[in-house]
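Visitor: Sharing final.cif here; it has mmCIF, N, CA and C atoms and all ligand atoms.
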```
data_my_file
#
loop_
_atom_site.label_atom_id
_atom_site.label_comp_id
_atom_site.auth_asym_id
_atom_site.auth_seq_id
_atom_site.Cartn_x
_atom_site.Cartn_y
_atom_site.Cartn_z
N MET O 235 200.32 45.87 -55.32
CA MET O 235 199.75 47.16 -54.91
C MET O 235 198.28 46.97 -54.53
N ALA O 236 197.94 47.42 -53.34
CA ALA O 236 196.57 47.24 -52.84
C ALA O 236 195.60 48.12 -53.62
N ALA O 237 194.40 47.63 -53.78
CA ALA O 237 193.38 48.39 -54.49
C ALA O 237 193.17 49.73 -53.82
N GLY O 238 193.03 50.77 -54.62
CA GLY O 238 192.76 52.09 -54.07
C GLY O 238 194.00 52.87 -53.68
N ASP O 239 195.20 52.26 -53.83
CA ASP O 239 196.42 52.96 -53.46
C ASP O 239 196.83 54.04 -54.46
N ALA O 240 196.35 53.92 -55.70
CA ALA O 240 196.81 54.82 -56.76
C ALA O 240 196.68 56.30 -56.40
N SER O 241 195.57 56.66 -55.76
CA SER O 241 195.37 58.07 -55.42
C SER O 241 195.48 58.32 -53.92
N LYS O 242 195.98 57.31 -53.21
CA LYS O 242 195.95 57.39 -51.75
C LYS O 242 196.95 58.40 -51.18
N THR O 243 196.49 59.17 -50.20
CA THR O 243 197.36 60.10 -49.48
C THR O 243 197.51 59.66 -48.03
N TRP O 244 196.38 59.26 -47.42
CA TRP O 244 196.38 59.03 -45.97
C TRP O 244 196.79 57.61 -45.61
N PHE O 245 198.06 57.33 -45.85
CA PHE O 245 198.63 56.07 -45.39
C PHE O 245 198.74 56.16 -43.86
N ASP O 246 198.79 55.01 -43.19
CA ASP O 246 198.87 55.00 -41.72
C ASP O 246 199.99 55.90 -41.20
N GLU O 247 201.14 55.84 -41.90
CA GLU O 247 202.30 56.64 -41.47
C GLU O 247 202.02 58.14 -41.57
N VAL O 248 201.26 58.51 -42.59
CA VAL O 248 200.94 59.94 -42.78
C VAL O 248 199.99 60.39 -41.67
N ILE O 249 199.04 59.54 -41.32
CA ILE O 249 198.09 59.86 -40.25
C ILE O 249 198.83 59.96 -38.91
N THR O 250 199.75 59.04 -38.68
CA THR O 250 200.54 59.07 -37.45
C THR O 250 201.33 60.37 -37.35
N GLU O 251 201.92 60.77 -38.47
CA GLU O 251 202.70 62.02 -38.51
C GLU O 251 201.80 63.22 -38.24
N LEU O 252 200.61 63.20 -38.83
CA LEU O 252 199.66 64.30 -38.61
C LEU O 252 199.32 64.40 -37.12
N LYS O 253 199.03 63.26 -36.51
CA LYS O 253 198.66 63.25 -35.08
C LYS O 253 199.81 63.72 -34.21
N LYS O 254 201.02 63.39 -34.61
CA LYS O 254 202.21 63.74 -33.84
C LYS O 254 202.54 65.23 -33.95
N LYS O 255 202.38 65.77 -35.16
CA LYS O 255 202.84 67.14 -35.42
C LYS O 255 201.77 68.21 -35.19
N TRP O 256 200.51 67.84 -35.36
CA TRP O 256 199.46 68.86 -35.30
C TRP O 256 199.22 69.35 -33.88
N LYS O 257 199.07 70.67 -33.78
CA LYS O 257 198.69 71.27 -32.49
C LYS O 257 197.54 72.23 -32.76
N SER O 258 196.61 72.30 -31.82
CA SER O 258 195.45 73.17 -32.02
C SER O 258 195.87 74.64 -32.07
N SER O 259 197.06 74.95 -31.58
CA SER O 259 197.52 76.34 -31.56
C SER O 259 198.16 76.77 -32.89
N MET O 260 198.25 75.84 -33.83
CA MET O 260 198.91 76.16 -35.10
C MET O 260 198.18 77.24 -35.88
N ASP O 261 198.95 78.18 -36.45
CA ASP O 261 198.32 79.16 -37.33
C ASP O 261 198.36 78.61 -38.76
N TRP O 262 197.81 79.38 -39.69
CA TRP O 262 197.68 78.86 -41.06
C TRP O 262 199.04 78.59 -41.70
N GLU O 263 200.00 79.47 -41.43
CA GLU O 263 201.32 79.24 -42.03
C GLU O 263 201.94 77.95 -41.53
N GLN O 264 201.74 77.65 -40.28
CA GLN O 264 202.27 76.39 -39.73
C GLN O 264 201.54 75.18 -40.31
N LEU O 265 200.24 75.35 -40.52
CA LEU O 265 199.45 74.26 -41.10
C LEU O 265 199.83 74.02 -42.57
N ILE O 266 200.12 75.10 -43.28
CA ILE O 266 200.58 74.98 -44.67
C ILE O 266 201.92 74.24 -44.70
N ALA O 267 202.80 74.59 -43.77
CA ALA O 267 204.11 73.93 -43.68
C ALA O 267 203.94 72.45 -43.34
N LEU O 268 203.00 72.15 -42.45
CA LEU O 268 202.72 70.76 -42.10
C LEU O 268 202.22 69.99 -43.33
N GLY O 269 201.39 70.65 -44.13
CA GLY O 269 200.90 70.03 -45.36
C GLY O 269 202.04 69.64 -46.29
N LYS O 270 203.05 70.48 -46.35
CA LYS O 270 204.20 70.18 -47.21
C LYS O 270 204.99 68.99 -46.67
N GLN O 271 205.11 68.90 -45.35
CA GLN O 271 205.79 67.75 -44.74
C GLN O 271 205.02 66.46 -45.02
N LEU O 272 203.70 66.55 -44.90
CA LEU O 272 202.87 65.36 -45.14
C LEU O 272 202.92 64.95 -46.61
N THR O 273 202.94 65.93 -47.50
CA THR O 273 203.04 65.64 -48.93
C THR O 273 204.36 64.92 -49.23
N ALA O 274 205.45 65.42 -48.65
CA ALA O 274 206.77 64.82 -48.88
C ALA O 274 206.81 63.39 -48.34
N LEU O 275 206.23 63.19 -47.16
CA LEU O 275 206.19 61.85 -46.56
C LEU O 275 205.36 60.90 -47.43
N ARG O 276 204.20 61.38 -47.87
CA ARG O 276 203.33 60.57 -48.72
C ARG O 276 204.04 60.17 -50.02
N ASP O 277 204.71 61.15 -50.64
CA ASP O 277 205.39 60.87 -51.90
C ASP O 277 206.53 59.87 -51.70
N LYS O 278 207.19 59.96 -50.55
CA LYS O 278 208.27 59.02 -50.26
C LYS O 278 207.72 57.59 -50.08
N ILE O 279 206.62 57.48 -49.37
CA ILE O 279 205.97 56.17 -49.17
C ILE O 279 205.57 55.59 -50.53
N ARG O 280 204.99 56.44 -51.37
CA ARG O 280 204.55 55.98 -52.70
C ARG O 280 205.73 55.51 -53.53
N GLU O 281 206.83 56.26 -53.42
CA GLU O 281 208.02 55.92 -54.18
C GLU O 281 208.62 54.59 -53.66
N ASP O 282 208.74 54.49 -52.32
CA ASP O 282 209.30 53.28 -51.71
C ASP O 282 208.49 52.05 -52.10
N ARG O 283 207.18 52.19 -52.15
CA ARG O 283 206.31 51.04 -52.43
C ARG O 283 206.01 50.91 -53.92
N LYS O 284 206.61 51.79 -54.70
CA LYS O 284 206.41 51.79 -56.15
C LYS O 284 204.92 51.84 -56.52
N ILE O 285 204.23 52.75 -55.84
CA ILE O 285 202.81 52.94 -56.14
C ILE O 285 202.68 53.97 -57.26
N LEU O 286 202.08 53.56 -58.36
CA LEU O 286 201.90 54.47 -59.48
C LEU O 286 200.59 55.23 -59.33
N GLY O 287 200.62 56.49 -59.70
CA GLY O 287 199.41 57.30 -59.67
C GLY O 287 198.47 56.87 -60.78
N PRO O 288 197.23 57.36 -60.73
CA PRO O 288 196.28 57.02 -61.79
C PRO O 288 196.74 57.58 -63.13
N ARG O 289 196.39 56.88 -64.21
CA ARG O 289 196.73 57.38 -65.54
C ARG O 289 195.80 58.52 -65.90
N MET O 290 196.42 59.66 -66.24
CA MET O 290 195.61 60.83 -66.57
C MET O 290 196.24 61.55 -67.75
N LYS O 291 195.45 62.42 -68.33
CA LYS O 291 195.96 63.22 -69.44
C LYS O 291 196.96 64.22 -68.88
N CYS O 292 198.12 64.25 -69.51
CA CYS O 292 199.21 65.12 -69.05
C CYS O 292 199.09 66.51 -69.66
N HIS O 293 199.19 67.53 -68.80
CA HIS O 293 199.06 68.89 -69.31
C HIS O 293 200.29 69.36 -70.06
N SER O 294 201.42 68.68 -69.84
CA SER O 294 202.64 69.10 -70.53
C SER O 294 202.72 68.56 -71.94
N CYS O 295 202.43 67.25 -72.09
CA CYS O 295 202.64 66.66 -73.42
C CYS O 295 201.35 66.16 -74.08
N GLY O 296 200.25 66.16 -73.36
CA GLY O 296 198.98 65.74 -73.94
C GLY O 296 198.80 64.23 -73.97
N GLY O 297 199.84 63.47 -73.61
CA GLY O 297 199.74 62.01 -73.56
C GLY O 297 199.09 61.57 -72.26
N HIS O 298 198.91 60.26 -72.12
CA HIS O 298 198.36 59.74 -70.87
C HIS O 298 199.44 58.98 -70.13
N HIS O 299 199.74 59.42 -68.92
CA HIS O 299 200.61 58.60 -68.08
C HIS O 299 200.22 58.67 -66.62
N HIS O 300 200.96 57.87 -65.84
CA HIS O 300 200.68 57.83 -64.40
C HIS O 300 201.09 59.16 -63.79
N MET O 301 200.16 59.80 -63.13
CA MET O 301 200.45 61.11 -62.54
C MET O 301 200.38 60.99 -61.02
N ASN O 302 201.27 61.70 -60.37
CA ASN O 302 201.22 61.70 -58.91
C ASN O 302 200.07 62.56 -58.42
N PRO O 303 199.49 62.19 -57.30
CA PRO O 303 198.42 63.03 -56.75
C PRO O 303 198.98 64.42 -56.41
N THR O 304 198.11 65.40 -56.41
CA THR O 304 198.55 66.76 -56.10
C THR O 304 198.90 66.88 -54.62
N ALA O 305 199.53 67.97 -54.28
CA ALA O 305 199.97 68.20 -52.90
C ALA O 305 198.79 68.13 -51.93
N VAL O 306 199.07 67.73 -50.70
CA VAL O 306 198.05 67.67 -49.65
C VAL O 306 197.56 69.09 -49.39
N THR O 307 196.26 69.30 -49.48
CA THR O 307 195.71 70.63 -49.26
C THR O 307 195.39 70.86 -47.79
N VAL O 308 195.30 72.13 -47.45
CA VAL O 308 194.96 72.49 -46.07
C VAL O 308 193.57 71.94 -45.73
N ARG O 309 192.66 72.01 -46.69
CA ARG O 309 191.31 71.51 -46.48
C ARG O 309 191.32 70.00 -46.19
N ALA O 310 192.18 69.27 -46.92
CA ALA O 310 192.29 67.83 -46.70
C ALA O 310 192.80 67.54 -45.28
N ILE O 311 193.71 68.39 -44.81
CA ILE O 311 194.23 68.21 -43.45
C ILE O 311 193.12 68.43 -42.42
N ILE O 312 192.36 69.51 -42.64
CA ILE O 312 191.27 69.82 -41.70
C ILE O 312 190.28 68.66 -41.63
N PHE O 313 189.95 68.10 -42.80
CA PHE O 313 189.01 66.97 -42.83
C PHE O 313 189.61 65.74 -42.16
N ALA O 314 190.91 65.52 -42.39
CA ALA O 314 191.57 64.37 -41.76
C ALA O 314 191.57 64.52 -40.24
N LEU O 315 191.76 65.74 -39.77
CA LEU O 315 191.75 65.98 -38.32
C LEU O 315 190.40 65.58 -37.73
N HIS O 316 189.35 65.88 -38.49
CA HIS O 316 188.01 65.52 -38.03
C HIS O 316 187.77 64.01 -38.14
N THR O 317 188.17 63.43 -39.26
CA THR O 317 188.02 61.99 -39.46
C THR O 317 188.67 61.20 -38.33
N HIS O 318 189.82 61.70 -37.88
CA HIS O 318 190.55 60.97 -36.84
C HIS O 318 190.28 61.54 -35.45
N LYS O 319 189.15 62.25 -35.34
CA LYS O 319 188.61 62.71 -34.07
C LYS O 319 189.54 63.64 -33.27
N LEU O 320 190.34 64.40 -33.97
CA LEU O 320 191.19 65.38 -33.29
C LEU O 320 190.45 66.71 -33.12
N ILE O 321 189.46 66.92 -33.99
CA ILE O 321 188.62 68.12 -33.85
C ILE O 321 187.15 67.73 -34.03
N SER O 322 186.29 68.55 -33.44
CA SER O 322 184.84 68.30 -33.51
C SER O 322 184.28 68.77 -34.85
N ALA O 323 183.04 68.42 -35.12
CA ALA O 323 182.38 68.85 -36.35
C ALA O 323 182.23 70.37 -36.38
N ASP O 324 181.98 70.96 -35.20
CA ASP O 324 181.87 72.42 -35.12
C ASP O 324 183.18 73.09 -35.47
N LYS O 325 184.25 72.52 -34.93
CA LYS O 325 185.59 73.06 -35.18
C LYS O 325 185.94 72.92 -36.67
N LEU O 326 185.55 71.79 -37.24
CA LEU O 326 185.79 71.56 -38.66
C LEU O 326 185.14 72.66 -39.49
N ALA O 327 183.87 72.94 -39.20
CA ALA O 327 183.13 73.97 -39.94
C ALA O 327 183.79 75.34 -39.76
N GLU O 328 184.20 75.61 -38.53
CA GLU O 328 184.83 76.90 -38.20
C GLU O 328 186.15 77.06 -38.96
N LEU O 329 186.97 76.00 -38.93
CA LEU O 329 188.27 76.05 -39.60
C LEU O 329 188.12 76.17 -41.11
N GLU O 330 187.15 75.43 -41.65
CA GLU O 330 186.93 75.45 -43.09
C GLU O 330 186.61 76.87 -43.56
N LYS O 331 185.72 77.52 -42.80
CA LYS O 331 185.30 78.87 -43.15
C LYS O 331 186.47 79.85 -43.01
N SER O 332 187.18 79.71 -41.92
CA SER O 332 188.31 80.58 -41.65
C SER O 332 189.43 80.40 -42.69
N TRP O 333 189.68 79.15 -43.08
CA TRP O 333 190.70 78.87 -44.10
C TRP O 333 190.30 79.49 -45.44
N LYS O 334 189.01 79.35 -45.77
CA LYS O 334 188.53 79.88 -47.05
C LYS O 334 188.78 81.38 -47.15
N SER O 335 188.54 82.10 -46.08
CA SER O 335 188.73 83.54 -46.14
C SER O 335 190.22 83.90 -46.12
N TYR O 336 191.01 83.13 -45.37
CA TYR O 336 192.46 83.36 -45.36
C TYR O 336 193.04 83.11 -46.76
N GLN O 337 192.57 82.02 -47.36
CA GLN O 337 193.05 81.62 -48.69
C GLN O 337 192.72 82.71 -49.72
N ARG O 338 191.50 83.24 -49.63
CA ARG O 338 191.06 84.25 -50.57
C ARG O 338 191.84 85.54 -50.37
N LYS O 339 191.99 85.92 -49.10
CA LYS O 339 192.69 87.15 -48.75
C LYS O 339 194.13 87.15 -49.27
N HIS O 340 194.80 86.01 -49.12
CA HIS O 340 196.21 85.94 -49.50
C HIS O 340 196.42 85.32 -50.89
N LYS O 341 195.31 85.06 -51.60
CA LYS O 341 195.38 84.48 -52.95
C LYS O 341 196.25 83.23 -53.00
N LEU O 342 195.84 82.22 -52.24
CA LEU O 342 196.62 80.99 -52.14
C LEU O 342 195.93 79.82 -52.84
N THR O 343 196.74 78.86 -53.26
CA THR O 343 196.19 77.62 -53.80
C THR O 343 195.69 76.78 -52.62
N GLY O 344 195.07 75.66 -52.93
CA GLY O 344 194.56 74.78 -51.88
C GLY O 344 195.65 74.30 -50.94
N ALA O 345 196.87 74.18 -51.46
CA ALA O 345 197.98 73.72 -50.64
C ALA O 345 198.68 74.88 -49.93
N GLY O 346 198.20 76.10 -50.18
CA GLY O 346 198.75 77.25 -49.46
C GLY O 346 199.89 77.97 -50.16
N ASP O 347 200.09 77.65 -51.43
CA ASP O 347 201.12 78.37 -52.19
C ASP O 347 200.49 79.58 -52.86
N PRO O 348 201.31 80.61 -53.13
CA PRO O 348 200.76 81.78 -53.84
C PRO O 348 200.26 81.35 -55.21
N LYS O 349 199.09 81.85 -55.58
CA LYS O 349 198.56 81.51 -56.91
C LYS O 349 199.42 82.14 -57.97
N PRO O 350 199.68 81.41 -59.07
CA PRO O 350 200.47 81.99 -60.14
C PRO O 350 199.79 83.24 -60.70
N VAL O 351 200.57 84.26 -60.93
CA VAL O 351 200.01 85.51 -61.45
C VAL O 351 199.71 85.34 -62.92
N LYS O 352 198.50 85.73 -63.31
CA LYS O 352 198.13 85.61 -64.71
C LYS O 352 198.80 86.72 -65.50
N THR O 353 199.48 86.32 -66.57
CA THR O 353 200.20 87.32 -67.35
C THR O 353 199.37 87.80 -68.52
N ALA O 354 198.39 87.00 -68.93
CA ALA O 354 197.60 87.36 -70.11
C ALA O 354 196.57 88.45 -69.76
ZN ZN O 401 203.57 64.16 -70.30
#
```
Show me this structure written as structure tokens.
Ligand SMILES: [Zn+2]
Guide:
Amino acid sequence: MAAGDASKTWFDEVITELKKKWKSSMDWEQLIALGKQLTALRDKIREDRKILGPRMKCHSCGGHHHMNPTAVTVRAIIFALHTHKLISADKLAELEKSWKSYQRKHKLTGAGDPKPVKTA
């Protein structure tokens, strides 16, 4: 396992998929759906290559084990688009701001899922 793979999301295949699927006309719902596809692809690559996540404290049992990285967030996608020169720095700033307000308005997690309702 190559150094730095433990928390890696942006494998070459994931970047290729992003470049292939992303369109500037995508709305937030489509981008959230794309994030889920990229997360699934990343997890499959990690599984195929037997890449273990970093050891972290587990919220379920309190022990320490290898945990998988969290789902690819919309913000991570926006940054990746800029890193790979698909969008300009201005567009990055614009999208980031726009996503933040959309996320707040619809009460979404970073990956675009509805936030769990607090029962307490
Ligand atoms: Zn556990």
Visitor: Could you give me, as number ranges by chain, every polymer residue with an atom at most 6 Å away from an atom of ligand ZN 401 (chain O), counting only N, CA and C atoms and all ligand atoms?
Guide: O: 292-297
Visitor: Which distance in Å separates atom N of Lys331 in chain O and atom C of Pro303 in chain O, to one decimal?
Guide: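 A separation of 23.1 Å between them.
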Visitor: Give me, as a ChimeraX atom specification, the residues of range 235-329 of chain O that a backbone DSSP run labels strand (DSSP E).
Guide: /O:289-291,298-300
Visitor: For a test of reading the model, state the distance in Å between atom N of Ala240 in chain O and CA of Val308 in chain O, rounded to one decimal.
Guide: 21.0 Å
Visitor: Provide the CA of Trp256 in chain O to atom C of His318 in chain O distance in Å, to one decimal place.
Guide: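 Going from CA of Trp256 in chain O over to atom C of His318 in chain O, I get 11.7 Å.
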Visitor: What's around Ala310 in chain O at 12 Å? Count only C-alpha atoms, leave out sequence neighbours fewer than 3 positions away in its own chain, and write the answer as number ranges by chain.
Guide: O: 243-244, 249, 252, 265-266, 268-269, 272-273, 304-307, 313-317, 326, 329-330, 333, 344-346
Visitor: Which residue gives the smallest distance to Lys284 in chain O among O:Asp261, O:Asp239, O:Lys270, O:Gln337, with only C-alpha atoms counted?
Guide: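 Of O:Asp261, O:Asp239, O:Lys270, O:Gln337, the one nearest Lys284 in chain O is O:Asp239, counting only C-alpha atoms.
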Visitor: Need the axis-aligned box for range 287-306 of chain O with 3 Å each side, so what are the centre and edges in Å to one decimal, as JSON?
Guide:
```
{"center_x": 199.1, "center_y": 62.9, "center_z": -61.7, "size_x": 13.3, "size_y": 18.9, "size_z": 30.7}
```
Visitor: May I ask which of the residues O:His300, O:Arg276, O:Lys257, O:Lys352 is the closest one to Phe245 in chain O, counting only N, CA and C atoms?
Guide: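 For Phe245 in chain O, the nearest of the given residues is O:Arg276.
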Visitor: Mind checking DSSP for chain O and telling me the helix (DSSP H, G or I) residues as an MDAnalysis selection string?
Guide: chainID O and resid 246:255 262:282 308:317 323:339
Visitor: With distances taken over only C-alpha atoms, which residue among O:Gly238, O:Glu247, O:Lys291, O:Ile311 lies nearest Leu275 in chain O?
Guide: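 Of O:Gly238, O:Glu247, O:Lys291, O:Ile311, the one nearest Leu275 in chain O, counting only C-alpha atoms, is O:Glu247.
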Visitor: What lies within 5 Å of Met290 in chain O using all atoms listed in the file, ignoring chain neighbours under 4 positions off, as a PyMOL selection string?
Guide: chain O and resi 298-301
Visitor: With the input short on atoms, add N, CA, C and O atoms back to range 328-339 of chain O and write it as an mmCIF file, in the coordinates of the input.
Guide:
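And here's part-v4.cif as it stands now:
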```
data_model
loop_
_atom_site.group_PDB
_atom_site.id
_atom_site.type_symbol
_atom_site.label_atom_id
_atom_site.label_comp_id
_atom_site.auth_asym_id
_atom_site.auth_seq_id
_atom_site.Cartn_x
_atom_site.Cartn_y
_atom_site.Cartn_z
ATOM 1 N N GLU O 328 184.200 75.610 -38.530
ATOM 2 C CA GLU O 328 184.830 76.900 -38.200
ATOM 3 C C GLU O 328 186.150 77.060 -38.960
ATOM 4 O O GLU O 328 186.425 78.090 -39.580
ATOM 5 N N LEU O 329 186.970 76.000 -38.930
ATOM 6 C CA LEU O 329 188.270 76.050 -39.600
ATOM 7 C C LEU O 329 188.120 76.170 -41.110
ATOM 8 O O LEU O 329 188.859 76.890 -41.777
ATOM 9 N N GLU O 330 187.150 75.430 -41.650
ATOM 10 C CA GLU O 330 186.930 75.450 -43.090
ATOM 11 C C GLU O 330 186.610 76.870 -43.560
ATOM 12 O O GLU O 330 187.131 77.338 -44.562
ATOM 13 N N LYS O 331 185.720 77.520 -42.800
ATOM 14 C CA LYS O 331 185.300 78.870 -43.150
ATOM 15 C C LYS O 331 186.470 79.850 -43.010
ATOM 16 O O LYS O 331 186.718 80.678 -43.879
ATOM 17 N N SER O 332 187.180 79.710 -41.920
ATOM 18 C CA SER O 332 188.310 80.580 -41.650
ATOM 19 C C SER O 332 189.430 80.400 -42.690
ATOM 20 O O SER O 332 190.031 81.372 -43.151
ATOM 21 N N TRP O 333 189.680 79.150 -43.080
ATOM 22 C CA TRP O 333 190.700 78.870 -44.100
ATOM 23 C C TRP O 333 190.300 79.490 -45.440
ATOM 24 O O TRP O 333 191.112 80.091 -46.120
ATOM 25 N N LYS O 334 189.010 79.350 -45.770
ATOM 26 C CA LYS O 334 188.530 79.880 -47.050
ATOM 27 C C LYS O 334 188.780 81.380 -47.150
ATOM 28 O O LYS O 334 189.219 81.879 -48.181
ATOM 29 N N SER O 335 188.540 82.100 -46.080
ATOM 30 C CA SER O 335 188.730 83.540 -46.140
ATOM 31 C C SER O 335 190.220 83.900 -46.120
ATOM 32 O O SER O 335 190.643 84.830 -46.794
ATOM 33 N N TYR O 336 191.010 83.130 -45.370
ATOM 34 C CA TYR O 336 192.460 83.360 -45.360
ATOM 35 C C TYR O 336 193.040 83.110 -46.760
ATOM 36 O O TYR O 336 193.849 83.884 -47.269
ATOM 37 N N GLN O 337 192.570 82.020 -47.360
ATOM 38 C CA GLN O 337 193.050 81.620 -48.690
ATOM 39 C C GLN O 337 192.720 82.710 -49.720
ATOM 40 O O GLN O 337 193.543 83.065 -50.547
ATOM 41 N N ARG O 338 191.500 83.240 -49.630
ATOM 42 C CA ARG O 338 191.060 84.250 -50.570
ATOM 43 C C ARG O 338 191.840 85.540 -50.370
ATOM 44 O O ARG O 338 192.317 86.152 -51.311
ATOM 45 N N LYS O 339 191.990 85.920 -49.100
ATOM 46 C CA LYS O 339 192.690 87.150 -48.750
ATOM 47 C C LYS O 339 194.130 87.150 -49.270
ATOM 48 O O LYS O 339 194.623 88.147 -49.781
#
```
